[in-house]
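Participant: Sending over work_15.pdb (PDB, C-alpha atoms and all ligand atoms).
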ATOM      1  CA  MET A   1      -2.936  -4.082 -13.081
ATOM      2  CA  THR A   2      -6.062  -2.325 -14.252
ATOM      3  CA  ILE A   3      -6.725   0.820 -12.313
ATOM      4  CA  THR A   4     -10.382   1.726 -12.077
ATOM      5  CA  ILE A   5     -11.460   4.690 -10.056
ATOM      6  CA  THR A   6     -14.852   6.256  -9.561
ATOM      7  CA  ILE A   7     -14.351   8.559  -6.623
ATOM      8  CA  THR A   8     -16.467  11.661  -6.959
ATOM      9  CA  MET A   9     -15.537  13.772  -3.969
ATOM     10  CA  THR A  10     -14.457  17.292  -4.778
ATOM     11  CA  MET A  11     -11.899  18.259  -2.163
ATOM     12  CA  THR A  12      -8.169  18.002  -2.830
ATOM     13  CA  ILE A  13      -6.216  15.174  -1.209
ATOM     14  CA  THR A  14      -4.799  17.538   1.387
ATOM     15  CA  ASP A  15      -8.100  19.287   2.155
ATOM     16  CA  ARG A  16      -9.781  15.977   2.634
ATOM     17  CA  ALA A  17      -6.921  14.657   4.721
ATOM     18  CA  ARG A  18      -7.039  17.689   7.018
ATOM     19  CA  ARG A  19     -10.701  17.095   7.710
ATOM     20  CA  ARG A  20     -10.140  13.537   8.777
ATOM     21  CA  GLU A  21     -10.332  12.633  12.403
ATOM     22  CA  GLY A  22      -7.001  12.048  14.062
ATOM     23  CA  PHE A  23      -5.149  14.142  11.499
ATOM     24  CA  GLY A  24      -1.561  12.916  11.434
ATOM     25  CA  MET A  25      -2.108  10.483  14.312
ATOM     26  CA  SER A  26      -3.557   7.053  14.774
ATOM     27  CA  SER A  27      -7.062   6.788  16.212
ATOM     28  CA  ASP A  28      -9.079   3.941  17.696
ATOM     29  CA  GLU A  29     -11.227   3.634  14.608
ATOM     30  CA  THR A  30     -10.596   0.497  12.543
ATOM     31  CA  ALA A  31      -9.824   1.298   8.911
ATOM     32  CA  LEU A  32      -9.113  -2.245   7.778
ATOM     33  CA  LEU A  33      -9.743  -5.574   9.458
ATOM     34  CA  LEU A  34      -8.858  -9.057   8.248
ATOM     35  CA  ASP A  35     -10.716 -11.621  10.296
ATOM     36  CA  ASP A  36      -9.551 -15.232   9.866
ATOM     37  CA  VAL A  37      -8.712 -14.667   6.200
ATOM     38  CA  HIS A  38      -7.772 -17.640   4.021
ATOM     39  CA  SER A  39      -6.692 -17.416   0.374
ATOM     40  CA  GLY A  40      -4.461 -19.106  -2.167
ATOM     41  CA  TYR A  41      -3.955 -20.118  -5.769
ATOM     42  CA  GLY A  42      -5.665 -23.144  -7.309
ATOM     43  CA  ARG A  43      -5.294 -26.021  -4.882
ATOM     44  CA  MET A  44      -2.578 -24.246  -2.984
ATOM     45  CA  SER A  45      -3.567 -22.637   0.274
ATOM     46  CA  ILE A  46      -1.294 -19.668   1.113
ATOM     47  CA  LEU A  47      -2.962 -17.499   3.784
ATOM     48  CA  LYS A  48      -4.117 -19.724   6.601
ATOM     49  CA  GLY A  49      -6.304 -17.663   8.903
ATOM     50  CA  ILE A  50      -4.949 -14.113   9.074
ATOM     51  CA  ARG A  51      -6.212 -11.670  11.690
ATOM     52  CA  LEU A  52      -4.859  -8.203  11.151
ATOM     53  CA  GLU A  53      -6.052  -4.699  11.945
ATOM     54  CA  VAL A  54      -5.084  -1.252  10.660
ATOM     55  CA  LYS A  55      -6.503   1.706  12.539
ATOM     56  CA  ARG A  56      -7.288   4.986  10.873
ATOM     57  CA  GLY A  57      -4.167   7.181  10.785
ATOM     58  CA  GLU A  58      -1.716   4.344  11.392
ATOM     59  CA  ILE A  59       1.253   3.031   9.460
ATOM     60  CA  VAL A  60       1.204  -0.742   9.880
ATOM     61  CA  ALA A  61       4.081  -2.809   8.521
ATOM     62  CA  LEU A  62       3.963  -6.445   7.421
ATOM     63  CA  ILE A  63       7.361  -8.101   7.314
ATOM     64  CA  GLY A  64       8.501 -11.615   6.506
ATOM     65  CA  ALA A  65      10.790 -13.713   4.334
ATOM     66  CA  ASN A  66      10.477 -14.249   0.574
ATOM     67  CA  GLY A  67       7.429 -16.343  -0.220
ATOM     68  CA  ALA A  68       5.858 -15.884   3.226
ATOM     69  CA  GLY A  69       2.614 -14.595   1.686
ATOM     70  CA  LYS A  70       2.974 -10.817   2.065
ATOM     71  CA  SER A  71       1.976  -9.927  -1.497
ATOM     72  CA  THR A  72      -0.799 -12.508  -1.318
ATOM     73  CA  THR A  73      -2.073 -10.633   1.752
ATOM     74  CA  VAL A  74      -2.041  -7.297  -0.094
ATOM     75  CA  ASN A  75      -3.645  -8.832  -3.171
ATOM     76  CA  THR A  76      -6.360 -10.439  -1.051
ATOM     77  CA  ILE A  77      -7.067  -7.084   0.626
ATOM     78  CA  SER A  78      -7.296  -5.347  -2.756
ATOM     79  CA  GLY A  79      -9.437  -8.124  -4.234
ATOM     80  CA  LEU A  80      -6.992  -9.356  -6.876
ATOM     81  CA  VAL A  81      -6.871 -12.675  -5.017
ATOM     82  CA  ARG A  82     -10.142 -14.098  -3.715
ATOM     83  CA  CYS A  83     -10.710 -14.449   0.003
ATOM     84  CA  ARG A  84     -11.814 -18.097   0.459
ATOM     85  CA  GLN A  85     -12.762 -17.966   4.093
ATOM     86  CA  GLY A  86     -13.073 -15.244   6.716
ATOM     87  CA  ARG A  87     -13.979 -11.573   6.299
ATOM     88  CA  ILE A  88     -12.379  -8.313   5.225
ATOM     89  CA  LEU A  89     -13.858  -5.100   6.628
ATOM     90  CA  PHE A  90     -12.959  -1.677   5.233
ATOM     91  CA  LEU A  91     -14.174   1.451   7.016
ATOM     92  CA  GLY A  92     -16.791  -0.650   8.778
ATOM     93  CA  GLU A  93     -18.153  -2.318   5.640
ATOM     94  CA  ASP A  94     -17.766  -5.949   4.659
ATOM     95  CA  ILE A  95     -15.857  -5.908   1.344
ATOM     96  CA  THR A  96     -14.975  -9.623   1.280
ATOM     97  CA  THR A  97     -16.684 -10.226  -2.059
ATOM     98  CA  LEU A  98     -16.570  -6.689  -3.469
ATOM     99  CA  PRO A  99     -14.839  -6.542  -6.906
ATOM    100  CA  ALA A 100     -11.335  -4.987  -6.875
ATOM    101  CA  ALA A 101     -12.381  -1.913  -8.860
ATOM    102  CA  ARG A 102     -15.089  -1.048  -6.342
ATOM    103  CA  ARG A 103     -12.600  -1.310  -3.505
ATOM    104  CA  VAL A 104     -10.458   1.284  -5.314
ATOM    105  CA  SER A 105     -13.464   3.531  -5.711
ATOM    106  CA  ARG A 106     -13.984   3.397  -1.939
ATOM    107  CA  GLY A 107     -10.426   4.524  -1.324
ATOM    108  CA  LEU A 108      -8.639   1.201  -0.815
ATOM    109  CA  VAL A 109      -5.736   1.667  -3.222
ATOM    110  CA  GLN A 110      -2.775  -0.602  -3.947
ATOM    111  CA  VAL A 111       0.677   0.315  -5.215
ATOM    112  CA  PRO A 112       1.779  -3.122  -6.424
ATOM    113  CA  GLU A 113       5.119  -4.843  -5.959
ATOM    114  CA  GLY A 114       7.398  -4.105  -8.924
ATOM    115  CA  ARG A 115       5.592  -0.780  -9.703
ATOM    116  CA  LYS A 116       3.586  -2.260 -12.655
ATOM    117  CA  LEU A 117       3.602   1.023 -14.531
ATOM    118  CA  PHE A 118       2.337   1.212 -18.101
ATOM    119  CA  SER A 119       5.843   1.407 -19.557
ATOM    120  CA  ASP A 120       4.766   2.557 -23.039
ATOM    121  CA  LEU A 121       2.740   5.432 -21.638
ATOM    122  CA  THR A 122       4.181   8.727 -20.432
ATOM    123  CA  VAL A 123       4.435   9.708 -16.785
ATOM    124  CA  LEU A 124       1.430  11.997 -17.185
ATOM    125  CA  GLU A 125      -0.619   9.252 -18.875
ATOM    126  CA  ASN A 126       0.216   6.859 -16.045
ATOM    127  CA  LEU A 127      -0.974   9.430 -13.519
ATOM    128  CA  GLU A 128      -4.145   9.932 -15.545
ATOM    129  CA  MET A 129      -4.739   6.180 -15.384
ATOM    130  CA  GLY A 130      -4.799   6.570 -11.619
ATOM    131  CA  SER A 131      -7.776   8.909 -11.903
ATOM    132  CA  PHE A 132      -9.280   7.106 -14.905
ATOM    133  CA  LEU A 133     -12.904   6.898 -13.851
ATOM    134  CA  ARG A 134     -13.087   9.957 -11.641
ATOM    135  CA  ARG A 135     -15.570  12.514 -12.795
ATOM    136  CA  ASP A 136     -14.506  15.302 -10.449
ATOM    137  CA  ARG A 137     -12.208  16.884 -13.024
ATOM    138  CA  ALA A 138     -11.394  20.002 -10.983
ATOM    139  CA  ALA A 139     -10.328  17.889  -8.004
ATOM    140  CA  VAL A 140      -8.270  15.620 -10.276
ATOM    141  CA  LYS A 141      -6.406  18.679 -11.540
ATOM    142  CA  ALA A 142      -5.762  19.835  -7.992
ATOM    143  CA  ASP A 143      -4.591  16.344  -7.001
ATOM    144  CA  LEU A 144      -2.200  16.278  -9.965
ATOM    145  CA  ALA A 145      -0.702  19.581  -8.812
ATOM    146  CA  HIS A 146      -0.399  18.093  -5.327
ATOM    147  CA  VAL A 147       1.450  14.952  -6.468
ATOM    148  CA  PHE A 148       3.738  17.096  -8.647
ATOM    149  CA  GLU A 149       4.610  19.073  -5.512
ATOM    150  CA  LEU A 150       5.208  15.902  -3.550
ATOM    151  CA  PHE A 151       7.417  14.395  -6.288
ATOM    152  CA  PRO A 152       9.141  17.328  -8.049
ATOM    153  CA  VAL A 153      10.923  14.987 -10.471
ATOM    154  CA  LEU A 154       7.606  13.964 -12.057
ATOM    155  CA  PRO A 155       6.551  17.280 -13.660
ATOM    156  CA  GLU A 156      10.031  17.498 -15.206
ATOM    157  CA  ARG A 157       9.491  14.067 -16.722
ATOM    158  CA  ARG A 158       5.801  14.242 -17.488
ATOM    159  CA  ARG A 159       6.268  13.543 -21.231
ATOM    160  CA  GLN A 160       8.868  10.800 -20.747
ATOM    161  CA  LEU A 161       7.832   7.155 -21.191
ATOM    162  CA  ALA A 162       7.453   5.524 -17.791
ATOM    163  CA  GLY A 163       9.545   2.543 -18.946
ATOM    164  CA  SER A 164      12.555   4.828 -19.389
ATOM    165  CA  LEU A 165      12.473   6.231 -15.847
ATOM    166  CA  SER A 166      15.058   5.162 -13.278
ATOM    167  CA  GLY A 167      13.951   2.675 -10.610
ATOM    168  CA  GLY A 168      13.477   5.416  -8.021
ATOM    169  CA  GLU A 169      11.530   7.608 -10.424
ATOM    170  CA  GLN A 170       9.337   4.644 -11.346
ATOM    171  CA  GLN A 171       8.528   4.023  -7.695
ATOM    172  CA  MET A 172       7.624   7.685  -7.252
ATOM    173  CA  CYS A 173       5.439   7.519 -10.348
ATOM    174  CA  ALA A 174       3.735   4.360  -9.026
ATOM    175  CA  ILE A 175       2.972   5.953  -5.649
ATOM    176  CA  ALA A 176       1.805   9.135  -7.387
ATOM    177  CA  ARG A 177      -0.514   7.083  -9.614
ATOM    178  CA  GLY A 178      -1.962   5.486  -6.474
ATOM    179  CA  LEU A 179      -2.502   8.916  -4.942
ATOM    180  CA  MET A 180      -4.429  10.025  -8.033
ATOM    181  CA  ALA A 181      -7.068   7.493  -6.946
ATOM    182  CA  ARG A 182      -7.529   9.382  -3.638
ATOM    183  CA  PRO A 183      -6.738   6.648  -1.128
ATOM    184  CA  ASN A 184      -8.118   6.474   2.375
ATOM    185  CA  VAL A 185      -5.884   3.485   2.927
ATOM    186  CA  LEU A 186      -2.806   3.032   0.758
ATOM    187  CA  LEU A 187      -1.434  -0.503   0.368
ATOM    188  CA  LEU A 188       2.276  -0.310  -0.470
ATOM    189  CA  ASP A 189       3.953  -3.555  -1.554
ATOM    190  CA  GLU A 190       7.763  -3.350  -1.317
ATOM    191  CA  PRO A 191       8.190   0.341  -2.169
ATOM    192  CA  SER A 192      11.930   0.163  -1.397
ATOM    193  CA  LEU A 193      12.634  -2.867  -3.607
ATOM    194  CA  GLY A 194      15.823  -2.414  -5.637
ATOM    195  CA  LEU A 195      16.437   1.168  -4.541
ATOM    196  CA  ALA A 196      19.690   2.643  -3.241
ATOM    197  CA  PRO A 197      19.705   3.622   0.471
ATOM    198  CA  LEU A 198      19.336   7.348  -0.206
ATOM    199  CA  LEU A 199      16.262   6.753  -2.364
ATOM    200  CA  VAL A 200      14.807   4.390   0.215
ATOM    201  CA  GLN A 201      15.104   7.220   2.755
ATOM    202  CA  GLN A 202      13.429   9.614   0.332
ATOM    203  CA  ILE A 203      10.530   7.251  -0.402
ATOM    204  CA  PHE A 204      10.052   6.498   3.296
ATOM    205  CA  GLY A 205      10.101  10.251   4.021
ATOM    206  CA  ILE A 206       7.273  10.694   1.538
ATOM    207  CA  ILE A 207       5.305   7.836   3.120
ATOM    208  CA  ARG A 208       5.705   9.577   6.484
ATOM    209  CA  THR A 209       4.436  12.846   4.968
ATOM    210  CA  LEU A 210       1.439  11.103   3.402
ATOM    211  CA  ASN A 211       0.596   9.559   6.747
ATOM    212  CA  ALA A 212       1.044  12.880   8.569
ATOM    213  CA  THR A 213      -1.477  14.445   6.201
ATOM    214  CA  GLY A 214      -4.086  11.803   6.899
ATOM    215  CA  THR A 215      -3.494   8.730   4.734
ATOM    216  CA  THR A 216      -3.561   5.396   6.530
ATOM    217  CA  ILE A 217      -0.754   3.129   5.327
ATOM    218  CA  PHE A 218      -0.353  -0.648   5.126
ATOM    219  CA  LEU A 219       3.272  -1.245   4.235
ATOM    220  CA  VAL A 220       4.742  -4.552   3.083
ATOM    221  CA  GLU A 221       8.528  -4.596   3.233
ATOM    222  CA  GLN A 222      11.507  -6.896   3.176
ATOM    223  CA  ASN A 223      13.537  -3.975   4.486
ATOM    224  CA  ALA A 224      12.238  -4.749   7.962
ATOM    225  CA  ASN A 225      14.508  -2.325   9.796
ATOM    226  CA  ALA A 226      13.394   0.663   7.775
ATOM    227  CA  ALA A 227       9.741  -0.404   7.803
ATOM    228  CA  LEU A 228       9.606  -0.833  11.580
ATOM    229  CA  ARG A 229      11.335   2.484  12.160
ATOM    230  CA  LEU A 230       8.598   4.130  10.117
ATOM    231  CA  ALA A 231       5.550   2.176  11.307
ATOM    232  CA  HIS A 232       3.437   2.480  14.442
ATOM    233  CA  ARG A 233       2.746  -1.257  14.614
ATOM    234  CA  GLY A 234       3.834  -4.343  12.768
ATOM    235  CA  TYR A 235       3.082  -7.963  11.984
ATOM    236  CA  VAL A 236       5.484 -10.759  11.120
ATOM    237  CA  MET A 237       4.391 -13.408   8.630
ATOM    238  CA  GLU A 238       5.795 -16.903   8.195
ATOM    239  CA  THR A 239       4.372 -19.250   5.545
ATOM    240  CA  GLY A 240       0.893 -17.820   5.573
ATOM    241  CA  VAL A 241       0.404 -17.262   9.286
ATOM    242  CA  LEU A 242       1.162 -14.269  11.503
ATOM    243  CA  THR A 243       3.702 -15.102  14.194
ATOM    244  CA  HIS A 244       4.091 -11.699  15.874
ATOM    245  CA  ALA A 245       1.828  -8.672  16.280
ATOM    246  CA  ALA A 246       3.137  -5.754  18.335
ATOM    247  CA  THR A 247       4.085  -2.093  18.287
ATOM    248  CA  ALA A 248       7.004  -1.333  15.997
ATOM    249  CA  PRO A 249       9.390  -0.492  18.892
ATOM    250  CA  GLU A 250       8.479  -3.821  20.542
ATOM    251  CA  LEU A 251       9.240  -5.738  17.344
ATOM    252  CA  LEU A 252      12.519  -3.846  16.890
ATOM    253  CA  ALA A 253      13.515  -4.903  20.411
ATOM    254  CA  ASP A 254      12.323  -8.536  20.127
ATOM    255  CA  GLU A 255      15.310 -10.858  20.062
ATOM    256  CA  LYS A 256      13.706 -13.502  17.812
ATOM    257  CA  VAL A 257      12.525 -10.894  15.330
ATOM    258  CA  ARG A 258      15.948  -9.232  15.385
ATOM    259  CA  GLU A 259      17.723 -12.503  14.690
ATOM    260  CA  ALA A 260      15.399 -13.596  11.904
ATOM    261  CA  TYR A 261      14.573 -10.341  10.156
ATOM    262  CA  LEU A 262      16.708  -7.454  11.325
ATOM    263  CA  GLY A 263      20.150  -8.925  10.731
ATOM    264  CA  LYS A 264      21.419  -8.692  14.303
TER
HETATM  265  N1  LIG B 301      -0.095 -16.282  -8.973
HETATM  266  C1  LIG B 301       0.389 -17.285  -8.232
HETATM  267  N2  LIG B 301       0.130 -18.576  -8.527
HETATM  268  C2  LIG B 301       0.601 -19.583  -7.770
HETATM  269  N3  LIG B 301       1.342 -19.404  -6.659
HETATM  270  C3  LIG B 301       1.633 -18.148  -6.320
HETATM  271  C4  LIG B 301       1.184 -17.019  -7.078
HETATM  272  N4  LIG B 301       1.632 -15.890  -6.469
HETATM  273  C5  LIG B 301       2.330 -16.299  -5.407
HETATM  274  N5  LIG B 301       2.341 -17.642  -5.304
HETATM  275  C6  LIG B 301       2.987 -18.437  -4.240
HETATM  276  O1  LIG B 301       2.446 -18.024  -2.990
HETATM  277  C7  LIG B 301       3.457 -17.993  -2.000
HETATM  278  C8  LIG B 301       3.491 -16.615  -1.358
HETATM  279  O2  LIG B 301       3.903 -15.665  -2.342
HETATM  280  P1  LIG B 301       3.876 -14.108  -2.086
HETATM  281  O3  LIG B 301       4.178 -13.467  -3.390
HETATM  282  O4  LIG B 301       2.624 -13.742  -1.401
HETATM  283  O5  LIG B 301       5.101 -13.955  -1.057
HETATM  284  P2  LIG B 301       5.825 -12.656  -0.525
HETATM  285  O6  LIG B 301       5.880 -12.773   0.950
HETATM  286  O7  LIG B 301       5.211 -11.443  -1.102
HETATM  287  O8  LIG B 301       7.305 -12.855  -1.116
HETATM  288  P3  LIG B 301       8.382 -11.764  -1.610
HETATM  289  O9  LIG B 301       9.020 -11.234  -0.369
HETATM  290  O10 LIG B 301       9.355 -12.572  -2.421
HETATM  291  O11 LIG B 301       7.669 -10.704  -2.410
HETATM  292  C9  LIG B 301       4.762 -18.383  -2.687
HETATM  293  O12 LIG B 301       4.999 -19.738  -2.424
HETATM  294  C10 LIG B 301       4.471 -18.166  -4.163
HETATM  295  O13 LIG B 301       5.195 -19.047  -4.971
HETATM  296 MG    MG B 302       5.876  -9.934  -2.347
END
Just give me the structure as structure tokens.
Facilitator:
Amino acid sequence: MTITITITMTMTITDRARRREGFGMSSDETALLLDDVHSGYGRMSILKGIRLEVKRGEIVALIGANGAGKSTTVNTISGLVRCRQGRILFLGEDITTLPAARRVSRGLVQVPEGRKLFSDLTVLENLEMGSFLRRDRAAVKADLAHVFELFPVLPERRRQLAGSLSGGEQQMCAIARGLMARPNVLLLDEPSLGLAPLLVQQIFGIIRTLNATGTTIFLVEQNANAALRLAHRGYVMETGVLTHAATAPELLADEKVREAYLGK
């Protein structure tokens, strides 16, 4: 995935986060709204009228089986897949036809499924790709120090090729690269994929910290139990339509959701 970033604000991630309304909590303000969104590939229609909202300060989880259309949803939000019908609003603006790179520059940042790191580049070079088009060099430096604090394994490995990192380290590097773009809303597609339970806990702990310091999170996960324990609200997707929308505790207690997705 090409990362293109043109954010020019000068505060550090944390400074900016602290100034946001509803610091560490959800608010009533809509950060992201999908209104009757349709998308697909070629003649194939995948998303068939999605209505989904993420409020500023929330963690919202999207769960569903393999092939349900979760990544297609994320890719449609980020602009990698075209929205064919309906609207996408981000921080009150209609971004339905805005090119992907300009969505990134507004703070709508995706960490793709399968990490998609530049494997022949070093950890540091990957992180620099995250801030590629930013001109606020001082703030970029501060943000790099911040992500190194958040992921202490990364400074130790800064000169190592990303392709030679372990799976967990790669996921950390991918999230860190996303953070270097200064997200308002971070779209995380399967951050726990292929990771051992302890690492899943660690990654989810970091997502909680990011949210507590002001980043709104849209989290796609097959690990529905873990995702719903972390999220404020959740949606369930089945073959391109949303079948449930509720608070995370409600979904965790819903018998049908438990049977189908929570393994009990
Ligand atoms: N680039 C593509 N071209 C054609 N079809 C695609 C493409 N990407 C995904 N699909 C199809 O769209 C449907 C939804 O796929 P998607 O990747 O969104 O599912 P998902 O819910 O993310 O699944 P998983 O849990 O396995 O990641 C699937 O039937 C898939 O085969
Ligand atoms: Mg997927």
Participant: When you count only C-alpha atoms and all ligand atoms, which of these residues is closest to ligand MG 302 (chain B): A:Ala65, A:Leu127, A:Met44, A:Cys83?
Facilitator: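 Closest candidate: A:Ala65.
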Participant: By how many Å are atom O6 of ligand LIG 301 (chain B) and atom CA of A:Val74 apart?
Facilitator: 9.7 Å
Participant: Could you list, as a PyMOL selection string, all the residues within 12 Å of ligand LIG 301 (chain B), counting all atoms listed in the file?
Facilitator: chain A and resi 39-48+62-77+80-82+112-114+188-193+219-224+236-242+261
Participant: Quick one: pull the distance between atom CA of A:His38 and atom CA of A:Arg51, Å, one decimal.
Facilitator: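 Going from atom CA of A:His38 over to atom CA of A:Arg51 covers 9.8 Å.
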Participant: Please determine, counting all atoms listed in the file, which residue among A:Glu259, A:Glu149, A:Asn184, A:Val200 has the shortest atom-to-atom distance to A:Gly168.
Facilitator: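 Checking each candidate against A:Gly168, we get A:Val200 as the closest.
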Participant: Any chance you could resolve the PyMOL selection byres (((chain A and resi 183) around 9) and not hetatm) against this file and give the residues as a JSON list (two decimals) with C-alpha atoms, in the coordinates of the input?
Facilitator:
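And here is the file that came out, result_23.json:
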[["chain", "number", "residue", "atom", "x", "y", "z"],
["A", 13, "ILE", "CA", -6.22, 15.17, -1.21],
["A", 104, "VAL", "CA", -10.46, 1.28, -5.31],
["A", 105, "SER", "CA", -13.46, 3.53, -5.71],
["A", 106, "ARG", "CA", -13.98, 3.40, -1.94],
["A", 107, "GLY", "CA", -10.43, 4.52, -1.32],
["A", 108, "LEU", "CA", -8.64, 1.20, -0.82],
["A", 109, "VAL", "CA", -5.74, 1.67, -3.22],
["A", 110, "GLN", "CA", -2.78, -0.60, -3.95],
["A", 178, "GLY", "CA", -1.96, 5.49, -6.47],
["A", 179, "LEU", "CA", -2.50, 8.92, -4.94],
["A", 180, "MET", "CA", -4.43, 10.02, -8.03],
["A", 181, "ALA", "CA", -7.07, 7.49, -6.95],
["A", 182, "ARG", "CA", -7.53, 9.38, -3.64],
["A", 184, "ASN", "CA", -8.12, 6.47, 2.38],
["A", 185, "VAL", "CA", -5.88, 3.48, 2.93],
["A", 186, "LEU", "CA", -2.81, 3.03, 0.76],
["A", 215, "THR", "CA", -3.49, 8.73, 4.73],
["A", 216, "THR", "CA", -3.56, 5.40, 6.53]]
